[in-house]
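A.B. asks: File name start_19.cif; file contents mmCIF, C-alpha atoms and all ligand atoms; full text below.
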```cif
data_upload
loop_
_atom_site.label_atom_id
_atom_site.label_comp_id
_atom_site.auth_asym_id
_atom_site.auth_seq_id
_atom_site.Cartn_x
_atom_site.Cartn_y
_atom_site.Cartn_z
CA MET A 662 -27.52 22.65 27.48
CA THR A 663 -25.14 24.48 29.78
CA VAL A 664 -24.08 28.07 29.31
CA GLN A 665 -20.56 26.87 28.54
CA GLN A 666 -21.74 24.81 25.55
CA LEU A 667 -23.74 27.69 24.17
CA LYS A 668 -20.97 30.23 24.51
CA LYS A 669 -19.75 31.31 21.10
CA ARG A 670 -16.18 32.11 20.16
CA PRO A 671 -14.62 33.16 16.87
CA LEU A 672 -13.36 30.27 14.72
CA ASN A 673 -9.77 31.52 14.85
CA ARG A 674 -9.76 31.11 18.65
CA PHE A 675 -10.79 27.48 18.28
CA LEU A 676 -8.08 27.07 15.64
CA LYS A 677 -5.46 28.59 17.90
CA ASP A 678 -6.29 26.04 20.60
CA PHE A 679 -6.41 23.27 18.02
CA LYS A 680 -2.96 24.20 16.76
CA HIS A 681 -1.52 24.08 20.25
CA THR A 682 -2.87 20.60 20.90
CA GLN A 683 -1.34 19.12 17.72
CA THR A 684 2.02 17.51 18.40
CA HIS A 685 2.52 15.26 15.36
CA CYS A 686 2.03 15.73 11.64
CA GLY A 687 -1.33 14.41 10.41
CA ARG A 688 0.37 12.79 7.41
CA CYS A 689 3.80 11.48 8.36
CA ALA A 690 3.47 11.48 12.16
CA LYS A 691 6.70 13.45 12.50
CA LEU A 692 6.97 15.60 15.63
CA LEU A 693 5.71 19.02 14.61
CA ASP A 694 8.04 21.97 14.60
CA ARG A 695 6.56 24.54 12.25
CA ILE A 696 2.89 23.80 11.72
CA THR A 697 0.91 24.18 8.52
CA LEU A 698 -2.85 24.19 9.05
CA THR A 699 -5.00 22.85 6.25
CA ARG A 700 -8.74 22.82 5.66
CA ARG A 701 -10.03 20.11 3.32
CA GLY A 702 -6.54 19.60 1.93
CA GLU A 703 -5.80 23.27 1.30
CA ILE A 704 -3.24 25.29 3.19
CA VAL A 705 -4.75 28.15 5.17
CA SER A 706 -2.26 30.90 5.89
CA LYS A 707 -1.86 32.63 9.23
CA THR A 708 -3.32 35.82 7.77
CA ALA A 709 -6.33 33.96 6.41
CA ILE A 710 -6.83 32.25 9.78
CA ALA A 711 -6.74 35.60 11.56
CA ARG A 712 -9.67 36.69 9.40
CA LEU A 713 -11.79 33.63 10.25
CA ASP A 714 -13.91 35.28 12.90
CA THR A 715 -17.22 33.47 12.44
CA LEU A 716 -18.72 32.91 15.87
CA MET A 717 -19.39 29.30 16.72
CA ASP A 718 -20.23 27.21 19.74
CA GLU A 719 -18.39 24.12 20.87
CA HIS A 720 -20.75 21.81 18.99
CA SER A 721 -20.29 23.58 15.63
CA TRP A 722 -16.54 23.56 16.18
CA GLN A 723 -16.55 19.80 16.79
CA VAL A 724 -18.17 19.40 13.36
CA GLU A 725 -15.87 21.95 11.72
CA ARG A 726 -12.68 20.53 13.20
CA HIS A 727 -12.89 17.38 11.04
CA ALA A 728 -12.07 19.55 8.03
CA TRP A 729 -8.80 20.69 9.61
CA ALA A 730 -5.42 19.04 9.85
CA ALA A 731 -2.04 20.07 11.19
CA LEU A 732 0.84 19.09 8.92
CA CYS A 733 4.59 19.56 8.99
CA ARG A 734 5.85 22.01 6.38
CA PHE A 735 7.20 19.22 4.21
CA CYS A 736 3.84 17.41 3.99
CA GLY A 737 2.02 20.72 3.55
CA ASP A 738 4.16 21.42 0.49
CA LEU A 739 3.93 17.88 -0.78
CA TYR A 740 0.20 17.32 -0.50
CA CYS A 741 -1.28 20.77 -0.85
CA LYS A 742 0.80 22.62 -3.43
CA GLU A 743 0.29 22.13 -7.11
CA GLN A 744 1.69 18.81 -8.26
CA GLN A 745 3.83 18.42 -11.32
CA HIS A 746 3.11 15.36 -13.42
CA TYR A 747 6.55 14.31 -14.52
CA PHE A 748 7.04 12.03 -11.53
CA ASP A 749 4.49 10.58 -9.14
CA ILE A 750 6.02 12.41 -6.17
CA ILE A 751 3.37 11.50 -3.60
CA GLY A 752 3.43 7.82 -4.58
CA PHE A 753 7.23 7.87 -4.40
CA LYS A 754 7.21 9.45 -0.94
CA GLU A 755 4.70 6.89 0.33
CA TYR A 756 6.78 4.08 -1.16
CA LEU A 757 9.88 5.33 0.68
CA CYS A 758 7.92 5.65 3.96
CA GLU A 759 6.25 2.27 3.75
CA GLN A 760 8.77 0.06 1.98
CA THR A 761 12.13 1.29 3.17
CA ALA A 762 13.68 1.96 6.56
CA MET A 763 14.86 5.43 5.55
CA SER A 764 14.78 8.25 8.07
CA HIS A 765 12.42 11.15 7.56
CA GLY A 766 15.40 13.35 6.61
CA THR A 767 16.60 10.95 3.91
CA ILE A 768 13.12 10.56 2.46
CA ARG A 769 12.79 14.30 2.36
CA GLU A 770 16.14 14.59 0.58
CA TYR A 771 15.07 12.05 -2.09
CA VAL A 772 11.71 13.73 -2.62
CA VAL A 773 13.25 17.20 -2.93
CA ARG A 774 15.83 15.92 -5.44
CA LEU A 775 13.30 14.10 -7.54
CA ARG A 776 10.93 17.05 -7.54
CA ARG A 777 13.75 19.33 -8.72
CA LEU A 778 14.72 16.84 -11.39
CA GLY A 779 11.10 16.61 -12.58
CA THR A 780 10.93 20.39 -12.92
CA HIS A 781 14.25 20.40 -14.78
CA LEU A 782 13.26 17.64 -17.22
CA ALA A 783 9.80 19.10 -17.81
CA SER A 784 11.25 22.54 -18.54
CA HIS A 785 13.48 20.95 -21.21
CA ASN A 786 10.54 19.02 -22.69
CA ILE A 787 12.22 15.68 -22.06
CA PRO A 788 9.60 12.93 -22.20
CA ALA A 789 9.39 10.55 -19.23
CA PRO A 790 10.68 7.03 -19.95
CA GLY A 791 8.06 4.82 -21.56
CA SER A 792 9.00 1.82 -19.41
CA VAL A 793 10.56 1.09 -16.03
CA LYS A 794 13.79 0.09 -17.78
CA GLY A 795 14.23 3.72 -18.82
CA TYR A 796 14.92 4.70 -15.21
CA PHE A 797 17.91 2.34 -15.06
CA ASP A 798 19.38 2.29 -18.57
CA ASP A 799 20.91 5.79 -18.59
CA SER A 800 18.57 7.03 -21.32
CA LEU A 801 17.96 10.19 -19.28
CA GLU A 802 21.69 10.57 -18.64
CA PRO A 803 22.32 13.36 -21.22
CA TRP A 804 19.50 15.41 -19.67
CA LEU A 805 20.52 15.26 -16.02
CA PRO A 806 21.51 18.62 -14.50
CA PRO A 807 25.28 19.24 -14.72
CA THR A 808 25.62 19.92 -10.99
CA SER A 809 24.98 17.23 -8.33
CA THR A 810 24.43 14.86 -11.26
CA ASN A 811 25.15 11.78 -9.21
CA ASN A 812 22.55 12.73 -6.60
CA TYR A 813 19.93 13.03 -9.32
CA ARG A 814 21.02 9.72 -10.82
CA ILE A 815 20.59 8.01 -7.43
CA ALA A 816 17.14 9.55 -6.92
CA LEU A 817 16.14 8.46 -10.42
CA ARG A 818 17.18 4.84 -9.76
CA LYS A 819 15.26 4.88 -6.48
CA TYR A 820 12.23 6.14 -8.36
CA GLY A 821 12.79 3.30 -10.86
CA GLN A 822 12.64 0.81 -7.97
CA PHE A 823 9.33 2.32 -6.90
CA GLN A 824 7.99 2.05 -10.46
CA ALA A 825 9.22 -1.54 -10.78
CA ARG A 826 7.52 -2.46 -7.54
CA LYS A 827 4.31 -0.83 -8.68
CA GLN A 828 4.41 -2.80 -11.93
CA ASN A 829 5.08 -6.10 -10.20
CA MET A 830 2.05 -5.51 -8.05
CA ASN A 831 -0.03 -4.81 -11.13
CA VAL A 832 1.29 -7.94 -12.81
CA HIS A 833 0.35 -10.03 -9.78
CA PHE A 834 -3.07 -8.48 -9.74
CA GLN A 835 -3.60 -9.33 -13.40
CA GLU A 836 -2.31 -12.87 -12.91
CA ASN A 837 -4.74 -13.44 -10.07
CA LYS A 838 -7.52 -11.98 -12.10
CA SER A 839 -6.83 -14.15 -15.13
CA THR A 840 -6.56 -17.22 -12.88
CA SER A 841 -9.96 -16.58 -11.43
CA ASP A 842 -11.32 -16.00 -14.95
CA ILE A 843 -10.20 -19.50 -15.96
CA TYR A 844 -11.45 -21.31 -12.88
ZN ZN B 901 4.60 15.45 7.76
#
```
Show how you would write the structure in this file as structure tokens.
Ligand SMILES: [Zn+2]
C.D. replies:
Amino acid sequence: MTVQQLKKRPLNRFLKDFKHTQTHCGRCAKLLDRITLTRRGEIVSKTAIARLDTLMDEHSWQVERHAWAALCRFCGDLYCKEQQHYFDIIGFKEYLCEQTAMSHGTIREYVVRLRRLGTHLASHNIPAPGSVKGYFDDSLEPWLPPTSTNNYRIALRKYGQFQARKQNMNVHFQENKSTSDIY
């Protein structure tokens, strides 16, 4: 082993270099502007990173680095902060990314709206619709926030499309399954 490989440095120095080499978000591949560093899915603040002074050599860092990811602020918030359960926000975001041609900005706008609406509905103890139809039939209409109502309505319908798609996929899965049970 060479002297270079054995040389130990504090973890936060490795992290500083790591941060500088990350150009795109580890989740959505967006070009990084403000970077959120995470370790095993949890956000590690700048202050906490500054305190990570364990000495390690290059080899230990190569092992450690797999636990770390650089995310954009939006994904950091979405994946690492406490999730509410009113809407499946992560599933919705992935649906918009994978199944629509929306720009990152539009997706972000939809997600932010729906998250706000979920908080609003949950705080008023409004139960989530029991079926996909409930996202389209105006049953939540009386409970929508009085300002920007139309924006919330649009986000709700989009969420309904996501739910409908999810159900169709389940239906297909069950159909295939029952077919194979018969034959
Ligand atoms: Zn991202």
A.B. asks: Skip region 681-683 of chain A itself and residues of its chain fewer than 2 positions away, then list as a PyMOL selection string all residues within 9 Å of it, counting only C-alpha atoms.
C.D. replies: chain A and resi 676-679+685-687+693+696+730-731
A.B. asks: Got time to write the residues from that selection, C-alpha atoms, as a short mmCIF file (atom, residue, chain, number, x, y, z; two decimals), in the coordinates of the input?
C.D. replies:
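Everything below was put into selection_26.cif:
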```cif
data_model
loop_
_atom_site.label_atom_id
_atom_site.label_comp_id
_atom_site.auth_asym_id
_atom_site.auth_seq_id
_atom_site.Cartn_x
_atom_site.Cartn_y
_atom_site.Cartn_z
CA LEU A 676 -8.08 27.07 15.64
CA LYS A 677 -5.46 28.59 17.90
CA ASP A 678 -6.29 26.04 20.60
CA PHE A 679 -6.41 23.27 18.02
CA HIS A 685 2.52 15.26 15.36
CA CYS A 686 2.03 15.73 11.64
CA GLY A 687 -1.33 14.41 10.41
CA LEU A 693 5.71 19.02 14.61
CA ILE A 696 2.89 23.80 11.72
CA ALA A 730 -5.42 19.04 9.85
CA ALA A 731 -2.04 20.07 11.19
#
```
A.B. asks: I'd like to know which of A:Asp738, A:Val772, A:Glu703, A:Leu713 is closest to Phe753 (chain A), using all atoms listed in the file.
C.D. replies: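 Distance minimum relative to Phe753 (chain A) lands on A:Val772.
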A.B. asks: Pick out the residues sitting within 10 Å of Gly752 (chain A), and hand them over as a PDB file with C-alpha atoms, in the coordinates of the input; count only C-alpha atoms, and ignore anything fewer than 3 positions along from it in its own chain.
C.D. replies:
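Saved as out_20.pdb:
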```
ATOM      1  CA  PHE A 748       7.040  12.030 -11.530  1.00  0.00           C
ATOM      2  CA  ASP A 749       4.490  10.580  -9.140  1.00  0.00           C
ATOM      3  CA  GLU A 755       4.700   6.890   0.330  1.00  0.00           C
ATOM      4  CA  TYR A 756       6.780   4.080  -1.160  1.00  0.00           C
ATOM      5  CA  LEU A 757       9.880   5.330   0.680  1.00  0.00           C
ATOM      6  CA  CYS A 758       7.920   5.650   3.960  1.00  0.00           C
ATOM      7  CA  TYR A 820      12.230   6.140  -8.360  1.00  0.00           C
ATOM      8  CA  PHE A 823       9.330   2.320  -6.900  1.00  0.00           C
ATOM      9  CA  GLN A 824       7.990   2.050 -10.460  1.00  0.00           C
ATOM     10  CA  LYS A 827       4.310  -0.830  -8.680  1.00  0.00           C
TER      11      LYS A 827
END
```
A.B. asks: Provide the CA of Ile815 (chain A) to CA of Asn786 (chain A) distance in Å, to one decimal place.
C.D. replies: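 So the two atoms, CA of Ile815 (chain A) and CA of Asn786 (chain A), lie 21.3 Å apart.
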A.B. asks: Considering only C-alpha atoms, can you say which of A:Thr684, A:Thr761, A:Asn673, A:Thr697 comes closest to Arg726 (chain A)?
C.D. replies: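 Distance minimum relative to Arg726 (chain A) lands on A:Asn673.
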A.B. asks: Per residue of chain A within 9 Å of ligand ZN 901 (chain B), which atom pair is closest and at what distance in Å (one decimal), using all atoms listed in the file, listed by chain and increasing number, as a Markdown table?
C.D. replies:
```
| residue | atom | partner | partner_atom | distance |
| --- | --- | --- | --- | --- |
| A:His685 | CA | B:ZN901 | ZN | 7.9 |
| A:Cys686 | CA | B:ZN901 | ZN | 4.7 |
| A:Gly687 | CA | B:ZN901 | ZN | 6.6 |
| A:Arg688 | CA | B:ZN901 | ZN | 5.0 |
| A:Cys689 | CA | B:ZN901 | ZN | 4.1 |
| A:Ala690 | CA | B:ZN901 | ZN | 6.0 |
| A:Lys691 | CA | B:ZN901 | ZN | 5.6 |
| A:Leu692 | CA | B:ZN901 | ZN | 8.2 |
| A:Leu693 | CA | B:ZN901 | ZN | 7.8 |
| A:Ala731 | CA | B:ZN901 | ZN | 8.8 |
| A:Leu732 | CA | B:ZN901 | ZN | 5.4 |
| A:Cys733 | CA | B:ZN901 | ZN | 4.3 |
| A:Arg734 | CA | B:ZN901 | ZN | 6.8 |
| A:Phe735 | CA | B:ZN901 | ZN | 5.8 |
| A:Cys736 | CA | B:ZN901 | ZN | 4.3 |
| A:Gly737 | CA | B:ZN901 | ZN | 7.2 |
| A:Leu739 | CA | B:ZN901 | ZN | 8.9 |
| A:His765 | CA | B:ZN901 | ZN | 8.9 |
```
